[in-house]
Amino acid sequence: MSGLQFDQIRLPPECETLRAEVRAFLAEEIAAGAFDPHRPGHGDSHNRAFSKRVGAKGWIGMTWPKKYGGRDRSFLERYVVTEEFRVANAPVRLHFVADRQSGPILLKYAPEHVKMDILPRICRGELCFAIGMSEPNSGSDLFAAKTRATRTDGGFLINGTKIWTSSAHIADYMIALFRTSPPTKENRRHGLTQFLVKMKQPGIKVNPIGQITGQFEFNEVVFTDHFIPDDHMLGEIDGAWKQATSELAYERSGPERFLETYYVLTELVRAVGAKPDSRSAEGIGRLVAQLHTMRRMSVSVAGMLQAGKEPVVEAAIVKDIGTVWEQQLPHRVRDLAAFVEEDVGNRETLESQLSFAIKTAPKLTIQGGTTEVLRGIIARGLGLR
Amino acid sequence: MAGDSDHIVADTAARIFADLADPQTINRANDSGWKAPLWRALEEAGLTLAWVPEDLGGSGASLGEGFAIIGAAGRYAVSVPLAETMLAGWLLARAGISSPAGAMSIAPARLHERIRIEGSRLRGQAVVPFAPETQHIAVLADTQVALVATKSCRVGKGRNLAGESAPVVDFPEAEALQVGAISISPEQFLLMGAAVRAMQTAGALQTILSMSVAYANERIAFERKIGKFQAVQQNLARLAGEAAAALAAAGSAADALAAHASNEAIFLEVASAKIRCAEAAAEASAIAHQVFGAIGFTQEHILHRFTLRMLGWRDDFGNESWWAAELGHRVARRGADEFWPLVASR
């Protein structure tokens with residue numbers, strides 16, 4: 001291990017100009033009633049009209065080349081857009097997965113005509129993507145996936161079940177891992193291939209699954225002889241294991257990895273008022289210090305990635321620390337709010353937010369790679385395995 | 001941003017530490033004979049007065065370069081008043097006072113200590129790190145700085161958590177050699193001191209992490225290297241997270257000071273670094289000691305040179321609870337709607 005590195009990256013001036021534009025846009029949207037920033041989880045988190053307006057601003061796929069509808073902007077600029085939307089509790093679920101994950105995979109592995117067809121539509125905010133990784137008997141252990149893609153004329157037939165698939169009930173496309181060959185003795189990761197799946201087609205059945213928050217965001221997706229054409233295969237056949245990890249540093253280290261429950265901290269600051277007692281002040285101060293530190297780590301990773309470095313361990317650390325923090329945050333805020341005056345104006349908002357955040361919290365260290373798996377990755381980076 | 005010159009200066013410092021302050025050698029030494037050659041080398045390289053402009057007797061390094069030296073000193077658990085001398089030189093320079101040769105320390109290093117000055121006479125007492133090993137002390141008294149000879153004060157016998165001298169120094173009627181009005185607010189001294197301790201802590205944590213990983217890859221128990229056990233791996237991953245947070249927070253605070261960011265920004269950065277590094281010190285030392293087991297609890301092993309030092313630094317220049325309360329009050333005064341803009345401004 002060569003030592004941890006966090007370059008001191010500061011957001012350049014163009015980011016601050018952009019931030020002002022984003023805040024102005026969000027203020028207009030809030031004023032127009034597009035969403036309520038104080039009620040996360042209450043509005044429609046998939047909002048097609050809103051996503052189209054975001055796309056019109058050029059803020060989806062903004063780092064991609066212009067010929068695919070992107071804006072050739074930097075990852076630091078994308079960082080600013082992501083964090084401002086997240087902090088405002090804006091309804092980004094429709095386009096966020098495509099923006100963060102699916103688009104970059106297509107950029108790298110899809111045939112040119114598929115890129116020309118799909119990427120501009122993502123940028124316009126028209127397409128929702130899902131990620132088909134987990135299966136009933138393979139969650140964190142991706143390479144245990146069993147859903148089969150069998151050769152047929154001009155393509156593949158898909159049979160099997162994906163599960164915990166967020167947004168599948170809305171999604172226009174899914175990027176999924178299917179088994180094209182059995183694993184080999186030498187390499188148990190061999191035999192999986194990445195595919196672009198067009199949803200809402202014959203042979204695909206989406207069954208919503210209720211979550212403990214009361215929402216229906218994830219699903220079971222059952223494939224029965226669903227046909228996928230050859231040109232929707234992404235990258236090397238049987239070689240998905242080489243691809244699945246390529247974009248992970250971006251996926252792991254963004255501001256969405258510590259801001260998911262951020263709203264309860266803002267609301268606590270509102271509730272304690274301008275002159276909090278020292279217990280509240282100290283508690284808030286620690287949370288602010290932790291938040292600031294994580295953001296500095298996260299910005300640093302974004303800047304290092306932009307500069308062509310590969311801070312793989314640092315990125316995994318951001319997600320580990322970030323998700324554990326955002327998971328504990330509602331409990332710590334609840335603790336600090338225990339002595340807030342009964343009659344503060346925002347008590348009802350704070351309580352309803354806490355109730356939602358406490359119910360959201362358990363998933364934060366599971367989705368996109370569990371804490372245990374992440375720490376295994378960190379341990380490998382440290383040279384322990 | 002950390003420039004190339006920061007790395008060059010830090011490399012020079014690290015080379016001297018590796019040659020003359022190897023923690024293993026020092027830990028085994030029966031006397032403090034290693035201190036004089038080390039100090040001589042540090043002075044000759046211009047590191048002790050890095051933060052003093054050339055016209056006041058120093059080497060005129062930038063703030064960034066100085067913090068790089070301090071980080072390196074943390075990585076080697078250097079137990080001489082290097083950080084204290086650098087800080088003293090910086091403080092004296094704020095009042096246009098030249099730095100004398102030799103080791104210095106500073107007062108007050110603790111939050112509630114007050115030293116008064118009347119004419120050129122000082123009154124009050126303070127815990128002064130390394131006082132018996134210094135020739136001079138730079139004392140901040142309200143808005144003035146005094147340079148006093150250590151021998152003109154009454155120096156007690158106290159030690160810090162790591163066993164380094166940190167006695168209460170009495171300044172009854174001590175005569176200052178020089179006095180000058182400072183060009184900064186007293187709070188800026190506290191901020192510099194806190195940033196220095198945070199940087200030392202971040203340095204110590206980098207070594208603790210690499211030592212712990214190396215040991216887990218060597219030590220065999222139950223017929224396996226202990227680093228192969230998932231429970232140990234999970235703990236070491238957490239230790240890496242704490243070391244990373246400390247490094248990022250301290251580096252960011254040093255960068256904010258070096259770039260002369262706004263007062264508000266510097267307060268957020270330095271307070272966060274002091275709080276987060278102190279939290280990391282507690283978490284990480286528990287994990288590291290757990291990895292090393294009984295051997296790490298011995299005098300003979302060098303682990304304590306890192307862990308105890310950083311645990312002790314938590315108490316200098318405001319502990320994490322005090323900084324957290326101050327930061328929390330400031331955030332509350334700004335109000336909820338101005339909270340995110342503050343965080344996003346850095």
# chains A, B, ... in the order shown; residues from 1 in each chain; ligands from 1
$ interface_residues --of "chain A" --to "chain B" --cutoff "6 Å" --atoms "only C-alpha atoms" --output "list in words"
Phe6, Gln8, Thr266, Val269, Arg270, Ala274, Ala281, Glu282, Ile284, Gly285, Arg286, Ala289, Thr293, Met297, Ile317, Arg375, Ile378, Ala379 and Leu384 of chain A
$ residues_around --residues "A:Gly254" --least-positions-apart "3" --cutoff "9 Å" --atoms "only C-alpha atoms" --output "list of chain:residue names"
A:Tyr79, A:Thr82, A:Glu83, A:Ala249, A:Tyr250, A:Glu251, A:Arg257, A:Phe258, A:Arg295, A:Ser298, A:Val299, A:Val301, A:Ala302, A:Ala315, A:Val318, A:Lys319
$ write_last_selection --atoms "N, CA and C atoms" --output "mmCIF file, in the first residue's frame"
data_model
loop_
_atom_site.group_PDB
_atom_site.id
_atom_site.type_symbol
_atom_site.label_atom_id
_atom_site.label_comp_id
_atom_site.auth_asym_id
_atom_site.auth_seq_id
_atom_site.Cartn_x
_atom_site.Cartn_y
_atom_site.Cartn_z
ATOM 1 N N TYR A 79 -20.470 17.422 -10.041
ATOM 2 C CA TYR A 79 -20.518 17.266 -8.588
ATOM 3 C C TYR A 79 -21.422 18.336 -7.963
ATOM 4 N N THR A 82 -25.073 17.660 -8.707
ATOM 5 C CA THR A 82 -25.560 16.530 -7.917
ATOM 6 C C THR A 82 -25.828 16.933 -6.478
ATOM 7 N N GLU A 83 -24.889 17.638 -5.860
ATOM 8 C CA GLU A 83 -25.076 17.963 -4.448
ATOM 9 C C GLU A 83 -26.194 18.978 -4.231
ATOM 10 N N ALA A 249 -15.580 3.823 -8.935
ATOM 11 C CA ALA A 249 -15.034 4.907 -8.116
ATOM 12 C C ALA A 249 -15.965 6.119 -8.129
ATOM 13 N N TYR A 250 -16.527 6.425 -9.315
ATOM 14 C CA TYR A 250 -17.477 7.545 -9.396
ATOM 15 C C TYR A 250 -18.744 7.233 -8.617
ATOM 16 N N GLU A 251 -19.171 6.000 -8.797
ATOM 17 C CA GLU A 251 -20.437 5.614 -8.202
ATOM 18 C C GLU A 251 -20.344 5.629 -6.679
ATOM 19 N N ARG A 257 -23.689 9.839 -1.498
ATOM 20 C CA ARG A 257 -23.308 8.798 -0.552
ATOM 21 C C ARG A 257 -23.218 9.275 0.887
ATOM 22 N N PHE A 258 -23.474 10.564 1.130
ATOM 23 C CA PHE A 258 -23.553 10.992 2.528
ATOM 24 C C PHE A 258 -24.663 12.005 2.771
ATOM 25 N N ARG A 295 -17.285 15.740 2.867
ATOM 26 C CA ARG A 295 -17.425 16.452 1.595
ATOM 27 C C ARG A 295 -16.050 16.776 1.007
ATOM 28 N N SER A 298 -14.786 13.658 -0.538
ATOM 29 C CA SER A 298 -15.539 13.322 -1.735
ATOM 30 C C SER A 298 -15.153 14.240 -2.903
ATOM 31 N N VAL A 299 -15.013 15.543 -2.634
ATOM 32 C CA VAL A 299 -14.588 16.487 -3.681
ATOM 33 C C VAL A 299 -13.174 16.131 -4.147
ATOM 34 N N VAL A 301 -11.761 13.174 -4.163
ATOM 35 C CA VAL A 301 -11.804 11.996 -5.040
ATOM 36 C C VAL A 301 -12.301 12.399 -6.432
ATOM 37 N N ALA A 302 -13.334 13.251 -6.483
ATOM 38 C CA ALA A 302 -13.850 13.705 -7.788
ATOM 39 C C ALA A 302 -12.748 14.417 -8.574
ATOM 40 N N ALA A 315 -12.052 6.139 -2.719
ATOM 41 C CA ALA A 315 -13.462 6.192 -3.107
ATOM 42 C C ALA A 315 -14.297 5.222 -2.262
ATOM 43 N N VAL A 318 -14.833 6.713 1.121
ATOM 44 C CA VAL A 318 -15.867 7.754 1.148
ATOM 45 C C VAL A 318 -17.238 7.108 1.294
ATOM 46 N N LYS A 319 -17.485 6.045 0.550
ATOM 47 C CA LYS A 319 -18.795 5.415 0.641
ATOM 48 C C LYS A 319 -18.993 4.746 1.999
#
$ residues_around --residues "A:Trp325" --least-positions-apart "6" --cutoff "10 Å" --atoms "only C-alpha atoms" --output "ChimeraX atom specification"
/A:257-262,287,290-291,294,319,332,361,364-365
$ write_last_selection --atoms "C-alpha atoms" --output "PDB file, in the first residue's frame"
ATOM      1  CA  ARG A 257     -23.308   8.798  -0.552  1.00  0.00           C
ATOM      2  CA  PHE A 258     -23.553  10.992   2.528  1.00  0.00           C
ATOM      3  CA  LEU A 259     -26.406  13.428   1.860  1.00  0.00           C
ATOM      4  CA  GLU A 260     -29.344  11.014   1.763  1.00  0.00           C
ATOM      5  CA  THR A 261     -30.666  11.994   5.197  1.00  0.00           C
ATOM      6  CA  TYR A 262     -29.005  15.417   5.336  1.00  0.00           C
ATOM      7  CA  LEU A 287     -21.990  16.606  12.857  1.00  0.00           C
ATOM      8  CA  GLN A 290     -17.938  15.206  10.096  1.00  0.00           C
ATOM      9  CA  LEU A 291     -20.036  16.407   7.165  1.00  0.00           C
ATOM     10  CA  MET A 294     -16.617  13.845   4.178  1.00  0.00           C
ATOM     11  CA  LYS A 319     -18.795   5.415   0.641  1.00  0.00           C
ATOM     12  CA  ARG A 332     -28.222  11.425  16.398  1.00  0.00           C
ATOM     13  CA  ALA A 361     -31.617   4.494   7.207  1.00  0.00           C
ATOM     14  CA  LEU A 364     -28.135   3.069   3.109  1.00  0.00           C
ATOM     15  CA  THR A 365     -25.383   0.628   4.039  1.00  0.00           C
TER      16      THR A 365
END
$ residues_around --residues "A:Glu341" --least-positions-apart "6" --cutoff "12 Å" --atoms "only C-alpha atoms" --output "PyMOL selection string"
chain A and resi 268+270-273+276-277+347
$ write_last_selection --atoms "N, CA and C atoms" --output "compact mmCIF listing (two decimals), in the first residue's frame"
# COMPACT_ATOMS: atom_id res chain seq x y z
N LEU A 268 -32.93 20.27 12.23
CA LEU A 268 -32.51 20.39 13.64
C LEU A 268 -31.94 21.78 13.91
N ARG A 270 -32.70 24.44 12.42
CA ARG A 270 -33.85 25.35 12.47
C ARG A 270 -34.55 25.24 13.83
N ALA A 271 -34.68 24.02 14.31
CA ALA A 271 -35.43 23.81 15.55
C ALA A 271 -34.72 24.38 16.78
N VAL A 272 -33.41 24.29 16.82
CA VAL A 272 -32.71 24.77 18.03
C VAL A 272 -32.60 26.28 18.07
N GLY A 273 -32.79 26.93 16.92
CA GLY A 273 -32.77 28.38 16.91
C GLY A 273 -31.37 28.97 16.99
N PRO A 276 -28.73 27.91 20.77
CA PRO A 276 -28.93 26.57 21.33
C PRO A 276 -28.18 26.39 22.65
N ASP A 277 -28.62 25.44 23.47
CA ASP A 277 -27.84 25.12 24.67
C ASP A 277 -26.56 24.42 24.24
N ARG A 347 -41.61 21.78 14.54
CA ARG A 347 -41.61 20.48 15.21
C ARG A 347 -42.25 19.39 14.34
$ atom_distance --atom1 "atom CA of A:Trp241" --atom2 "atom CA of A:Met133"
12.1 Å
$ residues_around --residues "stretch 229-231 of chain A" --least-positions-apart "5" --cutoff "7 Å" --atoms "only C-alpha atoms" --output "PyMOL selection string"
chain A and resi 111+154-156
$ write_last_selection --atoms "C-alpha atoms" --output "short mmCIF file (atom, residue, chain, number, x, y, z; two decimals), in the first residue's frame"
data_model
loop_
_atom_site.label_atom_id
_atom_site.label_comp_id
_atom_site.auth_asym_id
_atom_site.auth_seq_id
_atom_site.Cartn_x
_atom_site.Cartn_y
_atom_site.Cartn_z
CA PRO A 111 -22.18 0.09 -30.37
CA GLY A 154 -29.91 -12.63 -33.99
CA GLY A 155 -29.64 -12.37 -30.25
CA PHE A 156 -30.35 -13.95 -26.87
#
$ residues_around --residues "stretch 39-48 of chain A" --least-positions-apart "3" --cutoff "12 Å" --atoms "only C-alpha atoms" --output "number ranges by chain"
A: 30, 33-36, 51-55, 86-97, 122, 124-129, 166-172, 213-217, 260-264, 267, 348-357, 359-360
$ decode --residues "stretch 180-314 of chain B" --atoms "C-alpha atoms" --output "compact mmCIF listing (two decimals), in the first residue's frame"
# COMPACT_ATOMS: atom_id res chain seq x y z
CA GLY B 180 5.34 43.61 20.59
CA ALA B 181 1.73 44.14 19.57
CA ILE B 182 0.37 41.41 17.35
CA SER B 183 -1.12 42.07 13.95
CA ILE B 184 -3.61 39.22 14.30
CA SER B 185 -6.50 38.40 16.61
CA PRO B 186 -5.75 36.04 19.52
CA GLU B 187 -8.22 33.63 17.90
CA GLN B 188 -5.90 33.27 14.92
CA PHE B 189 -3.20 31.90 17.22
CA LEU B 190 -5.65 29.34 18.58
CA LEU B 191 -6.59 28.39 15.02
CA MET B 192 -2.95 27.95 13.99
CA GLY B 193 -2.23 25.85 17.06
CA ALA B 194 -5.26 23.67 16.45
CA ALA B 195 -4.35 23.19 12.79
CA VAL B 196 -0.82 22.20 13.80
CA ARG B 197 -2.06 19.56 16.25
CA ALA B 198 -4.53 18.26 13.65
CA MET B 199 -1.75 17.91 11.10
CA GLN B 200 0.50 16.07 13.56
CA THR B 201 -2.39 13.72 14.35
CA ALA B 202 -3.04 13.05 10.66
CA GLY B 203 0.64 12.23 10.22
CA ALA B 204 0.66 9.87 13.19
CA LEU B 205 -2.43 8.11 11.86
CA GLN B 206 -0.76 7.39 8.51
CA THR B 207 2.04 5.57 10.31
CA ILE B 208 -0.35 3.79 12.66
CA LEU B 209 -2.27 2.52 9.64
CA SER B 210 0.76 1.23 7.77
CA MET B 211 2.25 -0.32 10.94
CA SER B 212 -1.02 -2.06 11.74
CA VAL B 213 -1.47 -3.43 8.22
CA ALA B 214 2.14 -4.65 8.14
CA TYR B 215 1.72 -6.38 11.50
CA ALA B 216 -1.55 -8.03 10.47
CA ASN B 217 0.29 -9.40 7.44
CA GLU B 218 3.04 -10.90 9.60
CA ARG B 219 1.48 -12.08 12.81
CA ILE B 220 0.17 -15.63 12.68
CA ALA B 221 -2.60 -16.91 14.95
CA PHE B 222 -4.83 -19.94 14.48
CA GLU B 223 -2.40 -20.94 11.72
CA ARG B 224 -3.21 -17.90 9.58
CA LYS B 225 -1.97 -14.37 9.24
CA ILE B 226 -4.38 -12.39 11.38
CA GLY B 227 -4.93 -10.01 8.44
CA LYS B 228 -6.71 -12.88 6.68
CA PHE B 229 -9.50 -12.89 9.24
CA GLN B 230 -12.49 -10.88 8.09
CA ALA B 231 -13.07 -9.44 11.54
CA VAL B 232 -9.56 -8.02 11.53
CA GLN B 233 -9.91 -6.79 7.94
CA GLN B 234 -13.11 -4.95 8.83
CA ASN B 235 -11.37 -3.24 11.73
CA LEU B 236 -8.39 -2.25 9.61
CA ALA B 237 -10.74 -0.87 6.93
CA ARG B 238 -12.32 1.30 9.62
CA LEU B 239 -8.87 2.37 10.77
CA ALA B 240 -8.09 3.36 7.15
CA GLY B 241 -11.31 5.38 7.11
CA GLU B 242 -10.32 7.27 10.25
CA ALA B 243 -6.81 7.89 8.93
CA ALA B 244 -8.30 9.09 5.65
CA ALA B 245 -10.75 11.45 7.35
CA ALA B 246 -7.98 12.93 9.50
CA LEU B 247 -5.70 13.39 6.51
CA ALA B 248 -8.41 15.06 4.45
CA ALA B 249 -9.60 17.32 7.28
CA ALA B 250 -6.15 18.43 8.44
CA GLY B 251 -4.90 18.89 4.88
CA SER B 252 -7.95 20.96 4.05
CA ALA B 253 -7.53 23.18 7.12
CA ALA B 254 -3.84 23.74 6.35
CA ASP B 255 -4.75 24.56 2.76
CA ALA B 256 -7.39 27.07 3.91
CA LEU B 257 -4.87 28.81 6.17
CA ALA B 258 -2.16 28.79 3.51
CA ALA B 259 -4.58 30.25 0.95
CA HIS B 260 -5.74 32.97 3.39
CA ALA B 261 -9.37 31.96 3.07
CA SER B 262 -12.04 34.10 4.77
CA ASN B 263 -12.23 34.06 8.58
CA GLU B 264 -15.48 32.16 8.44
CA ALA B 265 -14.05 29.54 6.11
CA ILE B 266 -10.91 29.13 8.20
CA PHE B 267 -12.98 28.67 11.34
CA LEU B 268 -15.08 25.93 9.73
CA GLU B 269 -12.01 24.21 8.31
CA VAL B 270 -9.82 24.33 11.41
CA ALA B 271 -12.59 23.50 13.87
CA SER B 272 -13.62 20.55 11.71
CA ALA B 273 -10.04 19.33 11.48
CA LYS B 274 -9.46 19.57 15.22
CA ILE B 275 -12.74 17.78 15.98
CA ARG B 276 -12.43 15.10 13.33
CA CYS B 277 -8.74 14.39 13.99
CA ALA B 278 -9.44 14.03 17.72
CA GLU B 279 -12.30 11.63 17.01
CA ALA B 280 -10.08 9.69 14.61
CA ALA B 281 -7.31 9.55 17.22
CA ALA B 282 -9.61 7.85 19.73
CA GLU B 283 -11.17 5.41 17.25
CA ALA B 284 -7.96 4.55 15.48
CA SER B 285 -5.80 4.06 18.54
CA ALA B 286 -8.35 1.62 19.93
CA ILE B 287 -8.30 -0.38 16.69
CA ALA B 288 -4.51 -0.30 16.32
CA HIS B 289 -3.98 -1.48 19.89
CA GLN B 290 -6.51 -4.24 19.31
CA VAL B 291 -4.60 -5.40 16.22
CA PHE B 292 -1.28 -5.46 18.04
CA GLY B 293 -2.63 -7.10 21.16
CA ALA B 294 -0.42 -7.34 24.23
CA ILE B 295 2.84 -6.49 22.47
CA GLY B 296 1.42 -3.08 21.50
CA PHE B 297 0.74 -2.38 25.17
CA THR B 298 4.42 -2.62 26.10
CA GLN B 299 6.87 0.22 26.60
CA GLU B 300 9.20 -1.65 24.32
CA HIS B 301 6.90 -1.43 21.31
CA ILE B 302 6.73 1.86 19.38
CA LEU B 303 2.95 1.92 18.92
CA HIS B 304 2.42 4.04 22.03
CA ARG B 305 4.78 6.68 20.69
CA PHE B 306 2.09 7.41 18.11
CA THR B 307 -1.14 6.61 19.89
CA LEU B 308 -0.47 8.35 23.20
CA ARG B 309 0.95 11.42 21.53
CA MET B 310 -2.09 11.97 19.36
CA LEU B 311 -4.47 11.27 22.22
CA GLY B 312 -2.65 13.93 24.23
CA TRP B 313 -2.76 16.47 21.38
CA ARG B 314 -6.54 16.43 21.62
